[in-house]
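Asker: Pasting entry-v8.tsv here (TSV, C-alpha atoms):
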chain	number	residue	atom	x	y	z
X	17	MET	CA	24.07	-25.12	-18.37
X	18	LEU	CA	23.72	-21.60	-17.09
X	19	LEU	CA	20.39	-19.85	-16.45
X	20	CYS	CA	20.03	-16.09	-16.20
X	21	ASP	CA	17.14	-13.87	-15.08
X	22	ILE	CA	17.90	-10.32	-16.22
X	23	GLY	CA	16.31	-7.44	-14.36
X	24	ASN	CA	16.66	-3.70	-14.57
X	25	THR	CA	19.73	-3.62	-12.34
X	26	SER	CA	21.35	-7.07	-12.44
X	27	TYR	CA	22.01	-10.35	-14.21
X	28	HIS	CA	20.87	-13.07	-11.82
X	29	PHE	CA	22.64	-16.37	-12.64
X	30	TYR	CA	21.98	-19.94	-11.55
X	31	ASP	CA	24.45	-22.69	-12.48
X	32	GLY	CA	22.36	-25.58	-11.16
X	33	GLU	CA	23.90	-25.22	-7.74
X	34	ASN	CA	24.59	-21.63	-6.84
X	35	GLN	CA	22.95	-18.30	-7.53
X	36	TYR	CA	24.91	-15.10	-8.02
X	37	LYS	CA	24.33	-11.62	-9.40
X	38	LYS	CA	26.27	-9.28	-11.70
X	39	SER	CA	25.49	-5.62	-12.19
X	40	VAL	CA	24.13	-4.64	-15.60
X	41	LEU	CA	26.43	-1.62	-15.39
X	42	ASP	CA	29.74	-3.49	-15.59
X	43	PHE	CA	29.11	-7.11	-16.59
X	44	ASP	CA	30.11	-7.95	-20.17
X	45	PRO	CA	27.86	-10.70	-21.60
X	46	THR	CA	30.41	-11.51	-24.35
X	47	SER	CA	32.78	-12.70	-21.60
X	48	LEU	CA	30.75	-15.93	-21.33
X	49	LYS	CA	31.34	-18.54	-24.03
X	50	GLU	CA	29.01	-21.30	-22.78
X	51	LYS	CA	25.30	-21.56	-23.56
X	52	ILE	CA	23.12	-19.32	-21.38
X	53	TYR	CA	19.34	-19.60	-21.26
X	54	PHE	CA	17.85	-16.31	-20.19
X	55	ILE	CA	14.75	-14.22	-19.69
X	56	SER	CA	14.85	-10.44	-19.45
X	57	VAL	CA	12.56	-7.62	-18.36
X	58	ASN	CA	15.36	-5.28	-19.46
X	59	LYS	CA	14.40	-4.35	-23.03
X	60	ALA	CA	17.73	-2.68	-23.89
X	61	LEU	CA	19.80	-5.69	-22.84
X	62	GLU	CA	17.40	-8.09	-24.52
X	63	SER	CA	18.03	-6.38	-27.87
X	64	LEU	CA	21.78	-6.39	-27.33
X	65	LEU	CA	21.82	-10.12	-26.54
X	66	LEU	CA	20.05	-10.91	-29.82
X	67	SER	CA	23.43	-10.69	-31.52
X	68	LEU	CA	25.09	-13.25	-29.21
X	69	GLN	CA	24.46	-16.80	-30.38
X	70	ASN	CA	25.16	-18.47	-27.02
X	71	TRP	CA	22.53	-16.35	-25.22
X	72	ILE	CA	19.15	-18.03	-25.80
X	73	ASN	CA	16.02	-16.08	-24.99
X	74	LEU	CA	13.50	-18.47	-23.41
X	75	SER	CA	10.66	-16.00	-23.90
X	76	ASN	CA	10.52	-17.25	-27.50
X	77	PHE	CA	9.35	-20.64	-26.20
X	78	ILE	CA	6.50	-19.41	-24.03
X	79	ASP	CA	2.88	-19.12	-25.13
X	80	ARG	CA	2.17	-15.65	-23.79
X	81	SER	CA	-1.42	-15.61	-25.03
X	82	ARG	CA	-2.49	-17.06	-21.66
X	83	TYR	CA	-1.20	-13.92	-19.92
X	84	TYR	CA	-1.59	-10.21	-20.48
X	85	GLU	CA	0.60	-8.21	-22.77
X	86	SER	CA	2.44	-5.87	-20.40
X	87	MET	CA	3.05	-8.64	-17.84
X	88	GLY	CA	6.71	-9.12	-16.98
X	89	ILE	CA	8.28	-12.32	-18.37
X	90	ASP	CA	9.52	-13.17	-14.86
X	91	ARG	CA	5.94	-13.36	-13.59
X	92	VAL	CA	4.97	-15.53	-16.57
X	93	VAL	CA	7.86	-17.96	-16.03
X	94	ALA	CA	7.11	-18.25	-12.31
X	95	LEU	CA	3.51	-19.14	-13.17
X	96	GLU	CA	4.68	-21.90	-15.50
X	97	THR	CA	5.89	-23.83	-12.43
X	98	THR	CA	2.47	-24.58	-11.03
X	99	SER	CA	-1.14	-25.21	-11.90
X	100	ASN	CA	-2.73	-24.33	-8.54
X	101	ALA	CA	-1.18	-21.60	-6.44
X	102	VAL	CA	-0.94	-17.96	-5.50
X	103	ILE	CA	2.57	-16.78	-6.31
X	104	VAL	CA	3.76	-13.82	-4.25
X	105	ASP	CA	7.00	-12.40	-5.64
X	106	ALA	CA	8.23	-9.87	-3.08
X	107	GLY	CA	10.87	-7.61	-4.56
X	108	SER	CA	10.88	-3.88	-5.31
X	109	ALA	CA	7.23	-4.48	-6.11
X	110	ILE	CA	5.17	-7.38	-4.77
X	111	THR	CA	3.44	-9.14	-7.64
X	112	VAL	CA	0.64	-11.53	-6.74
X	113	ASP	CA	-0.61	-13.95	-9.39
X	114	VAL	CA	-3.24	-16.64	-9.22
X	115	VAL	CA	-3.25	-19.81	-11.27
X	116	ARG	CA	-6.09	-22.29	-10.73
X	117	ASP	CA	-6.47	-25.62	-12.54
X	118	GLY	CA	-3.71	-24.49	-14.88
X	119	LEU	CA	-5.51	-21.28	-15.83
X	120	PHE	CA	-4.15	-17.82	-15.06
X	121	GLU	CA	-6.91	-15.92	-13.23
X	122	GLY	CA	-5.09	-12.60	-13.05
X	123	GLY	CA	-3.13	-10.79	-10.40
X	124	PHE	CA	-2.26	-7.51	-8.80
X	125	ILE	CA	0.77	-5.42	-7.97
X	126	TYR	CA	1.49	-4.07	-4.50
X	127	PRO	CA	4.46	-1.88	-3.59
X	128	GLY	CA	7.46	-3.76	-2.14
X	129	LEU	CA	8.16	-3.66	1.61
X	130	LYS	CA	11.08	-1.25	1.24
X	131	ALA	CA	9.01	1.05	-0.99
X	132	MET	CA	6.16	0.99	1.52
X	133	HIS	CA	8.48	1.86	4.39
X	134	GLU	CA	9.81	4.82	2.37
X	135	THR	CA	6.27	5.90	1.55
X	136	TYR	CA	5.17	6.09	5.19
X	137	LYS	CA	8.37	7.91	6.10
X	138	ARG	CA	7.76	10.48	3.37
X	139	ILE	CA	4.15	11.04	4.47
X	140	SER	CA	5.27	11.88	8.01
X	141	PRO	CA	8.35	11.34	10.19
X	142	ALA	CA	5.83	10.14	12.79
X	143	LEU	CA	5.22	7.08	10.57
X	144	ASN	CA	8.87	6.14	10.18
X	145	TYR	CA	8.72	2.70	11.78
X	146	GLU	CA	10.08	-0.69	10.81
X	147	PHE	CA	7.24	-3.13	10.13
X	148	ASN	CA	6.26	-5.45	12.94
X	149	PHE	CA	6.15	-8.92	11.36
X	150	ASP	CA	4.99	-10.42	14.66
X	151	LEU	CA	1.84	-8.33	14.43
X	152	ASP	CA	-1.44	-9.74	15.72
X	153	LEU	CA	-3.40	-10.16	12.48
X	154	GLU	CA	-6.65	-10.88	14.30
X	155	ASN	CA	-6.97	-7.50	15.98
X	156	LEU	CA	-6.83	-3.92	14.77
X	157	ALA	CA	-3.81	-1.89	15.81
X	158	LYS	CA	-3.54	0.29	18.90
X	159	ASN	CA	-0.16	1.90	18.33
X	160	SER	CA	1.46	3.63	15.34
X	161	GLN	CA	3.97	0.90	14.46
X	162	ASP	CA	1.26	-1.75	14.41
X	163	ALA	CA	-1.09	0.61	12.56
X	164	ILE	CA	1.24	0.86	9.56
X	165	SER	CA	2.29	-2.80	9.80
X	166	TYR	CA	-1.36	-3.83	9.75
X	167	GLY	CA	-1.99	-1.51	6.79
X	168	VAL	CA	0.69	-3.19	4.74
X	169	LEU	CA	0.78	-6.79	5.96
X	170	LYS	CA	-2.74	-7.66	7.04
X	171	LEU	CA	-4.35	-6.28	3.89
X	172	LEU	CA	-1.97	-8.24	1.68
X	173	TYR	CA	-2.37	-11.36	3.81
X	174	SER	CA	-6.18	-11.31	3.73
X	175	GLU	CA	-6.30	-10.83	-0.02
X	176	VAL	CA	-3.79	-13.61	-0.74
X	177	LEU	CA	-5.52	-16.07	1.59
X	178	SER	CA	-8.92	-15.28	0.08
X	179	TYR	CA	-8.12	-17.35	-3.03
X	180	GLU	CA	-7.93	-20.53	-0.93
X	181	LEU	CA	-4.93	-21.91	-2.82
X	182	PRO	CA	-1.41	-22.89	-1.71
X	183	VAL	CA	0.78	-19.78	-1.33
X	184	ILE	CA	4.29	-19.69	-2.79
X	185	LEU	CA	6.60	-16.88	-1.65
X	186	THR	CA	9.60	-15.89	-3.72
X	187	GLY	CA	11.81	-12.82	-4.22
X	188	GLY	CA	14.14	-10.99	-1.86
X	189	ASP	CA	11.55	-10.37	0.86
X	190	ALA	CA	10.08	-13.88	0.82
X	191	SER	CA	11.57	-14.79	4.19
X	192	SER	CA	10.23	-11.61	5.82
X	193	LEU	CA	6.74	-12.30	4.49
X	194	LYS	CA	6.98	-15.92	5.65
X	195	ARG	CA	6.78	-14.58	9.22
X	196	VAL	CA	3.23	-13.46	8.41
X	197	PHE	CA	2.24	-16.12	5.85
X	198	LEU	CA	2.86	-19.06	8.16
X	199	GLU	CA	1.18	-21.54	5.78
X	200	ALA	CA	3.20	-20.48	2.74
X	201	THR	CA	6.12	-22.21	1.03
X	202	VAL	CA	9.25	-20.19	0.31
X	203	GLU	CA	10.85	-21.01	-3.05
X	204	ASP	CA	13.92	-18.93	-3.70
X	205	ARG	CA	14.65	-20.50	-7.08
X	206	LEU	CA	11.13	-20.33	-8.53
X	207	ILE	CA	12.11	-18.43	-11.69
X	208	PHE	CA	14.94	-20.87	-12.40
X	209	LYS	CA	12.61	-23.82	-11.78
X	210	GLY	CA	10.23	-22.29	-14.33
X	211	MET	CA	13.05	-21.81	-16.82
X	212	GLN	CA	14.15	-25.44	-16.39
X	213	ASN	CA	10.57	-26.63	-17.01
X	214	ILE	CA	10.47	-24.67	-20.26
X	215	ILE	CA	13.82	-26.05	-21.39
X	216	GLU	CA	12.76	-29.64	-20.65
X	217	ARG	CA	9.44	-29.17	-22.40
X	218	GLU	CA	10.46	-27.14	-25.44
X	219	LEU	CA	14.11	-27.71	-26.26
F	19	MET	CA	-18.11	30.68	16.66
F	20	LEU	CA	-15.13	29.64	14.64
F	21	LEU	CA	-13.71	26.09	14.56
F	22	CYS	CA	-10.20	25.30	13.40
F	23	ASP	CA	-8.48	21.97	12.62
F	24	ILE	CA	-4.72	22.64	12.49
F	25	GLY	CA	-2.56	20.29	10.46
F	26	ASN	CA	1.09	20.28	9.53
F	27	THR	CA	0.58	22.59	6.57
F	28	SER	CA	-2.64	24.54	7.15
F	29	TYR	CA	-5.24	26.00	9.46
F	30	HIS	CA	-8.59	24.57	8.34
F	31	PHE	CA	-11.43	26.84	9.47
F	32	TYR	CA	-15.19	26.31	9.62
F	33	ASP	CA	-17.47	29.21	10.49
F	34	GLY	CA	-20.68	27.18	10.69
F	35	GLU	CA	-21.33	27.68	7.01
F	36	ASN	CA	-18.12	27.70	4.99
F	37	GLN	CA	-14.77	25.96	5.21
F	38	TYR	CA	-11.50	27.63	4.23
F	39	LYS	CA	-7.80	27.08	4.72
F	40	LYS	CA	-4.85	29.30	5.63
F	41	SER	CA	-1.23	28.29	5.32
F	42	VAL	CA	0.68	27.79	8.58
F	43	LEU	CA	3.56	29.63	6.90
F	44	ASP	CA	1.91	33.04	6.62
F	45	PHE	CA	-1.28	33.09	8.70
F	46	ASP	CA	-1.02	35.12	11.92
F	47	PRO	CA	-3.30	33.65	14.64
F	48	THR	CA	-3.20	36.92	16.62
F	49	SER	CA	-5.08	38.57	13.73
F	50	LEU	CA	-8.30	36.91	14.96
F	51	LYS	CA	-10.00	38.47	17.97
F	52	GLU	CA	-13.08	36.23	18.25
F	53	LYS	CA	-13.20	32.91	20.13
F	54	ILE	CA	-11.73	30.00	18.15
F	55	TYR	CA	-12.12	26.39	19.21
F	56	PHE	CA	-9.31	24.31	17.76
F	57	ILE	CA	-7.53	20.98	17.65
F	58	SER	CA	-3.97	20.61	16.38
F	59	VAL	CA	-1.65	17.80	15.28
F	60	ASN	CA	0.98	20.51	14.84
F	61	LYS	CA	2.87	20.49	18.15
F	62	ALA	CA	4.79	23.73	17.50
F	63	LEU	CA	1.67	25.75	16.75
F	64	GLU	CA	-0.19	24.16	19.65
F	65	SER	CA	2.43	25.50	22.07
F	66	LEU	CA	2.35	28.95	20.48
F	67	LEU	CA	-1.45	29.16	20.76
F	68	LEU	CA	-1.31	28.46	24.52
F	69	SER	CA	-0.51	32.12	25.03
F	70	LEU	CA	-3.58	33.34	23.10
F	71	GLN	CA	-6.67	33.46	25.32
F	72	ASN	CA	-9.22	33.40	22.50
F	73	TRP	CA	-7.79	30.15	21.03
F	74	ILE	CA	-9.31	27.26	23.01
F	75	ASN	CA	-7.74	23.84	22.64
F	76	LEU	CA	-10.55	21.26	22.58
F	77	SER	CA	-8.12	18.40	23.18
F	78	ASN	CA	-8.26	19.39	26.87
F	79	PHE	CA	-11.92	18.28	26.93
F	80	ILE	CA	-11.46	14.83	25.43
F	81	ASP	CA	-10.95	11.64	27.42
F	82	ARG	CA	-8.04	10.21	25.44
F	83	SER	CA	-7.70	7.11	27.62
F	84	ARG	CA	-10.09	5.33	25.24
F	85	TYR	CA	-7.56	5.75	22.41
F	86	TYR	CA	-3.85	5.13	22.03
F	87	GLU	CA	-1.23	7.64	22.94
F	88	SER	CA	0.36	8.49	19.58
F	89	MET	CA	-3.01	8.68	17.83
F	90	GLY	CA	-3.63	12.03	16.11
F	91	ILE	CA	-6.25	14.22	17.81
F	92	ASP	CA	-8.05	14.55	14.45
F	93	ARG	CA	-8.71	10.79	14.40
F	94	VAL	CA	-9.93	10.92	17.99
F	95	VAL	CA	-12.33	13.78	17.31
F	96	ALA	CA	-13.72	12.09	14.20
F	97	LEU	CA	-14.40	8.96	16.27
F	98	GLU	CA	-16.33	11.00	18.81
F	99	THR	CA	-19.03	11.55	16.18
F	100	THR	CA	-20.26	7.97	16.08
F	101	SER	CA	-20.68	4.80	18.10
F	102	ASN	CA	-20.86	2.28	15.24
F	103	ALA	CA	-18.79	2.91	12.11
F	104	VAL	CA	-15.60	2.49	10.20
F	105	ILE	CA	-14.14	5.95	9.61
F	106	VAL	CA	-11.89	6.21	6.57
F	107	ASP	CA	-10.04	9.54	6.50
F	108	ALA	CA	-8.35	9.74	3.12
F	109	GLY	CA	-5.70	12.43	3.07
F	110	SER	CA	-1.91	12.25	2.76
F	111	ALA	CA	-2.33	9.03	4.72
F	112	ILE	CA	-5.54	7.00	4.89
F	113	THR	CA	-6.44	6.33	8.50
F	114	VAL	CA	-9.04	3.65	9.13
F	115	ASP	CA	-10.61	3.45	12.59
F	116	VAL	CA	-13.30	1.18	13.92
F	117	VAL	CA	-15.74	2.05	16.66
F	118	ARG	CA	-18.35	-0.53	17.67
F	119	ASP	CA	-21.01	-0.06	20.34
F	120	GLY	CA	-19.19	3.09	21.37
F	121	LEU	CA	-15.89	1.30	21.91
F	122	PHE	CA	-12.76	2.02	19.86
F	123	GLU	CA	-11.54	-1.34	18.48
F	124	GLY	CA	-8.36	0.00	16.87
F	125	GLY	CA	-7.37	0.98	13.38
F	126	PHE	CA	-4.68	1.02	10.76
F	127	ILE	CA	-2.84	3.48	8.55
F	128	TYR	CA	-2.54	3.06	4.80
F	129	PRO	CA	-0.65	5.44	2.50
F	130	GLY	CA	-2.80	8.09	0.81
F	131	LEU	CA	-3.78	7.75	-2.86
F	132	LYS	CA	-1.29	10.37	-4.02
F	133	ALA	CA	1.52	8.76	-2.00
F	134	MET	CA	0.66	5.34	-3.46
F	135	HIS	CA	0.70	6.71	-6.99
F	136	GLU	CA	4.15	8.22	-6.34
F	137	THR	CA	5.35	4.94	-4.84
F	138	TYR	CA	4.44	2.87	-7.92
F	139	LYS	CA	5.99	5.49	-10.18
F	140	ARG	CA	9.23	5.38	-8.21
F	141	ILE	CA	9.38	1.58	-8.32
F	142	SER	CA	9.18	1.61	-12.11
F	143	PRO	CA	8.10	4.01	-14.85
F	144	ALA	CA	6.13	1.02	-16.18
F	145	LEU	CA	3.84	1.37	-13.13
F	146	ASN	CA	3.14	5.08	-13.59
F	147	TYR	CA	-0.62	4.85	-14.07
F	148	GLU	CA	-3.55	6.77	-12.66
F	149	PHE	CA	-5.75	4.50	-10.55
F	150	ASN	CA	-8.81	3.05	-12.22
F	151	PHE	CA	-11.68	3.74	-9.80
F	152	ASP	CA	-14.11	1.91	-12.09
F	153	LEU	CA	-12.13	-1.27	-11.52
F	154	ASP	CA	-13.93	-4.62	-11.38
F	155	LEU	CA	-13.45	-5.57	-7.72
F	156	GLU	CA	-14.74	-9.09	-8.26
F	157	ASN	CA	-11.98	-10.21	-10.62
F	158	LEU	CA	-8.21	-10.14	-10.51
F	159	ALA	CA	-6.49	-7.75	-12.89
F	160	LYS	CA	-5.29	-8.56	-16.40
F	161	ASN	CA	-3.51	-5.34	-17.29
F	162	SER	CA	-0.96	-3.17	-15.49
F	163	GLN	CA	-3.24	-0.25	-14.67
F	164	ASP	CA	-5.83	-2.53	-13.12
F	165	ALA	CA	-3.09	-4.53	-11.38
F	166	ILE	CA	-1.93	-1.52	-9.37
F	167	SER	CA	-5.47	-0.18	-8.91
F	168	TYR	CA	-6.53	-3.56	-7.53
F	169	GLY	CA	-3.46	-3.61	-5.27
F	170	VAL	CA	-4.42	-0.30	-3.70
F	171	LEU	CA	-8.21	-0.16	-3.85
F	172	LYS	CA	-9.43	-3.74	-3.58
F	173	LEU	CA	-7.23	-4.57	-0.59
F	174	LEU	CA	-8.42	-1.47	1.27
F	175	TYR	CA	-12.02	-2.11	0.26
F	176	SER	CA	-12.04	-5.74	1.44
F	177	GLU	CA	-10.50	-4.89	4.78
F	178	VAL	CA	-12.87	-1.98	5.46
F	179	LEU	CA	-15.96	-4.01	4.49
F	180	SER	CA	-14.85	-6.95	6.66
F	181	TYR	CA	-15.90	-5.11	9.85
F	182	GLU	CA	-19.54	-5.15	8.73
F	183	LEU	CA	-20.24	-1.64	9.96
F	184	PRO	CA	-21.41	1.54	8.19
F	185	VAL	CA	-18.50	3.19	6.37
F	186	ILE	CA	-17.91	6.94	6.65
F	187	LEU	CA	-15.50	8.55	4.18
F	188	THR	CA	-13.87	11.88	4.93
F	189	GLY	CA	-10.75	13.80	3.91
F	190	GLY	CA	-9.62	15.19	0.57
F	191	ASP	CA	-9.89	11.91	-1.33
F	192	ALA	CA	-13.27	10.87	0.08
F	193	SER	CA	-15.06	11.50	-3.19
F	194	SER	CA	-12.53	9.43	-5.16
F	195	LEU	CA	-12.90	6.54	-2.75
F	196	LYS	CA	-16.69	6.83	-2.89
F	197	ARG	CA	-16.45	5.52	-6.47
F	198	VAL	CA	-15.23	2.23	-5.01
F	199	PHE	CA	-17.05	2.27	-1.65
F	200	LEU	CA	-20.52	2.55	-3.14
F	201	GLU	CA	-22.23	1.85	0.19
F	202	ALA	CA	-20.29	4.49	2.12
F	203	THR	CA	-21.39	7.92	3.32
F	204	VAL	CA	-19.17	10.90	2.51
F	205	GLU	CA	-18.93	13.42	5.36
F	206	ASP	CA	-16.70	16.33	4.51
F	207	ARG	CA	-17.21	18.11	7.83
F	208	LEU	CA	-16.70	15.13	10.13
F	209	ILE	CA	-13.94	16.73	12.22
F	210	PHE	CA	-16.01	19.89	12.70
F	211	LYS	CA	-19.06	17.80	13.61
F	212	GLY	CA	-16.90	16.07	16.23
F	213	MET	CA	-15.67	19.40	17.56
F	214	GLN	CA	-19.24	20.72	17.80
F	215	ASN	CA	-20.27	17.59	19.75
F	216	ILE	CA	-17.48	18.18	22.25
F	217	ILE	CA	-18.39	21.85	22.68
F	218	GLU	CA	-22.06	21.00	23.27
F	219	ARG	CA	-21.20	18.25	25.73
F	220	GLU	CA	-18.35	19.83	27.67
F	221	LEU	CA	-18.57	23.62	27.51
Now that the file is in, can you turn its structure into C-alpha cells?
Answerer:
Amino acid sequence: MLLCDIGNTSYHFYDGENQYKKSVLDFDPTSLKEKIYFISVNKALESLLLSLQNWINLSNFIDRSRYYESMGIDRVVALETTSNAVIVDAGSAITVDVVRDGLFEGGFIYPGLKAMHETYKRISPALNYEFNFDLDLENLAKNSQDAISYGVLKLLYSEVLSYELPVILTGGDASSLKRVFLEATVEDRLIFKGMQNIIEREL
Amino acid sequence: MLLCDIGNTSYHFYDGENQYKKSVLDFDPTSLKEKIYFISVNKALESLLLSLQNWINLSNFIDRSRYYESMGIDRVVALETTSNAVIVDAGSAITVDVVRDGLFEGGFIYPGLKAMHETYKRISPALNYEFNFDLDLENLAKNSQDAISYGVLKLLYSEVLSYELPVILTGGDASSLKRVFLEATVEDRLIFKGMQNIIEREL
C-alpha cells in the first residue's frame, strides 16, 4: 500500500517504511500500477487523478463539516490523528491548529521560517540574520539578531503554549522549532498516520 | 526651530506645527539656512551633514550606553519620551521596546503589516487577504482571512499586552493597529517629542 500527500510542488510518498518525493513537474502518475491512497491540495492534479482508478482520493472519506471550507486537506488529515493537541505544521507556512476533546477549536496561519527570514531581509539588509534558536525566551532582546528571533519565535511559542495542550510539531522545519518548543513531540509522518487512520476506519 | 528625522527613504520634518516629508533622492539639505536638529538612521546622509554647520546631530547628546549598539537612533529617541511604556513603532518593520521605571528592558522586531501581507501572498495566492482588524481575538480562526489576521495581529497583541505597561503606538500603521490595541495611545509625533526633550535637557 502506497500513501501520497500531494502538494503544490511535489508528490510526497510513504510506502510504510520510507518517505520520498517526486516533483509534480516530471512525475507521471500513470507510471504506478498499484493502489495509491492520496490527498491533494493541488486542485489541478486532483482533477487529473480522477481518471486513474488506482489513485484513491481519501478526501472523499472525511467529514469536512467539522472544519472550515478553505482549510487545506493536509491540515484536516493531521487533525484526524488526535483528539487533544496543538498541531504545528512548519513548512512554507506554519499552520497551527487546536483540537480539544475531539473538537476542532480553530487555528491560525503564520509565515514559515524561510519566508520570515526573507521578509526581514527585504525590509532592511540590517535585519538579514539567521534566527537564533537558542534565544532566551524569558527576556526581551538586546541585539538585532535576537530582536528578530524573538519576534518570530517567542510570539509563536507563547501563543502555542497558551492552549495548555500537548504540542505536536510536523513539517520540514519541525526539528528547528523543537529547539524552542522543548516540550513538544516531533512527528514527521503525521499526515501519513492520519491517512492510515482514515483507511482503517472507512475502507 | 526645525526638527528632522532622517530615514532610508525620506527626510521627515516637523516645524512645531506641521509634519512633512522630502525624498532623500532629490532634497538638497544645503537649501535650508536655519538651524535644523536631526537624527538619522541613514549613515550616508549623516556623514554628508557633518559638513553643514546648521544641521545639528542630536545623537551626540544621547547616552546610548543604556541601549544596544545596533539599535536605530529613532527607537532610542522614542524611548527617551517615557519611563514606563511599551512603544510599538509600526512602519516597514514593527519595533517593540519596553521601558520600565526608566530602564530599557529590551525589545523585539516584527515585520511591518505591509511586509507581512506580501509574505503571505508570496507563500500562496490562497493567502492573499487583507488583514481583518475587527478580528475576534478571543477565539481561534475558522476561515483563511481570519487565520492569517490572527497569526499576525493576535500574536503581536498578546506579547505586547504581556508586559502590563501602557502601550504607545506610533509610525505609519499606528492607526490600523489601534483597531486591535483598543487600550493603546496613538502618538504620531513621538520621535519629535523625544527630540524636543533632548534639546530642552541638553542644549
Asker: So how many Å separate atom CA of Ile164 of chain X and atom CA of Leu179 of chain F, to one decimal?
Answerer: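 Computing it gives 18.6 Å between the two atoms.
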Asker: Residues near Ser65 of chain F, anyone? I mean within 12 Å using all atoms listed in the file, not counting same-chain ones fewer than 6 positions away, as an mmCIF file with C-alpha atoms, keeping the file's coordinate frame.
Answerer:
data_model
loop_
_atom_site.group_PDB
_atom_site.id
_atom_site.type_symbol
_atom_site.label_atom_id
_atom_site.label_comp_id
_atom_site.auth_asym_id
_atom_site.auth_seq_id
_atom_site.Cartn_x
_atom_site.Cartn_y
_atom_site.Cartn_z
ATOM 1 C CA ILE F 57 -7.530 20.980 17.650
ATOM 2 C CA SER F 58 -3.970 20.610 16.380
ATOM 3 C CA VAL F 59 -1.650 17.800 15.280
ATOM 4 C CA TRP F 73 -7.790 30.150 21.030
ATOM 5 C CA ILE F 74 -9.310 27.260 23.010
ATOM 6 C CA ASN F 75 -7.740 23.840 22.640
#
Asker: Can you work out which one of X:Lys37, X:Asn58, X:Lys170, X:Asp152 has the shortest atom-to-atom distance to Ser142 of chain F, counting only C-alpha atoms?
Answerer: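 Of all the options, X:Asn58 lies closest to Ser142 of chain F.
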Asker: Which residues come within 9 Å of Thr188 of chain F, counting only C-alpha atoms, excluding same-chain residues fewer than 6 positions away, as a list in words?
Answerer: Ile105, Val106, Asp107, Ala108, Gly109, Thr203, Val204, Glu205, Asp206, Arg207, Leu208 and Ile209 of chain F
Asker: Atom CA of Arg84 of chain F and atom CA of Asp119 of chain F, how far apart in Å?
Answerer: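 Those two atoms sit 13.1 Å apart.
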Asker: Using all atoms listed in the file, pick whichever of X:Ser47, X:Ser192, X:Asn159, X:Asn24 has the shortest atom-to-atom distance to Gly90 of chain F.
Answerer: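 Comparing X:Ser47, X:Ser192, X:Asn159, X:Asn24 against Gly90 of chain F, the winner is X:Asn159.
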Asker: Put a box with edges along x, y and z around all the listed atoms of segment 90-104 of chain F, pad it by 5 Å on each side, then give me its centre and sizes in Å, one decimal, as lines of an AutoDock Vina configuration file.
Answerer:
center_x = -12.2
center_y = 8.4
center_z = 14.5
size_x = 27.2
size_y = 22.3
size_z = 18.6
Asker: Output as a VMD selection string the set of chain X residues within 6 Å of chain F, with distances taken over all atoms listed in the file.
Answerer: chain X and resid 84 122 to 126 156 to 158 163 to 164 166 to 167 171
Asker: Please compute the atom CA of Phe210 of chain F-atom CA of Phe79 of chain F distance, one decimal, in Å.
Answerer: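 Pair atom CA of Phe210 of chain F / atom CA of Phe79 of chain F returns 14.9 Å.
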Asker: Excluding same-chain residues fewer than 4 positions from Asn100 of chain X, what lies within 8 Å of it counting all atoms listed in the file, as a VMD selection string?
Answerer: chain X and resid 114 to 118 181 to 182
Asker: So that I can see what lies close to segment 26-33 of chain X, please list as a count of residues only the residues with an atom at most 12 Å from it, counting only C-alpha atoms and leaving out residues fewer than 4 positions away in the same chain.
Answerer: 37
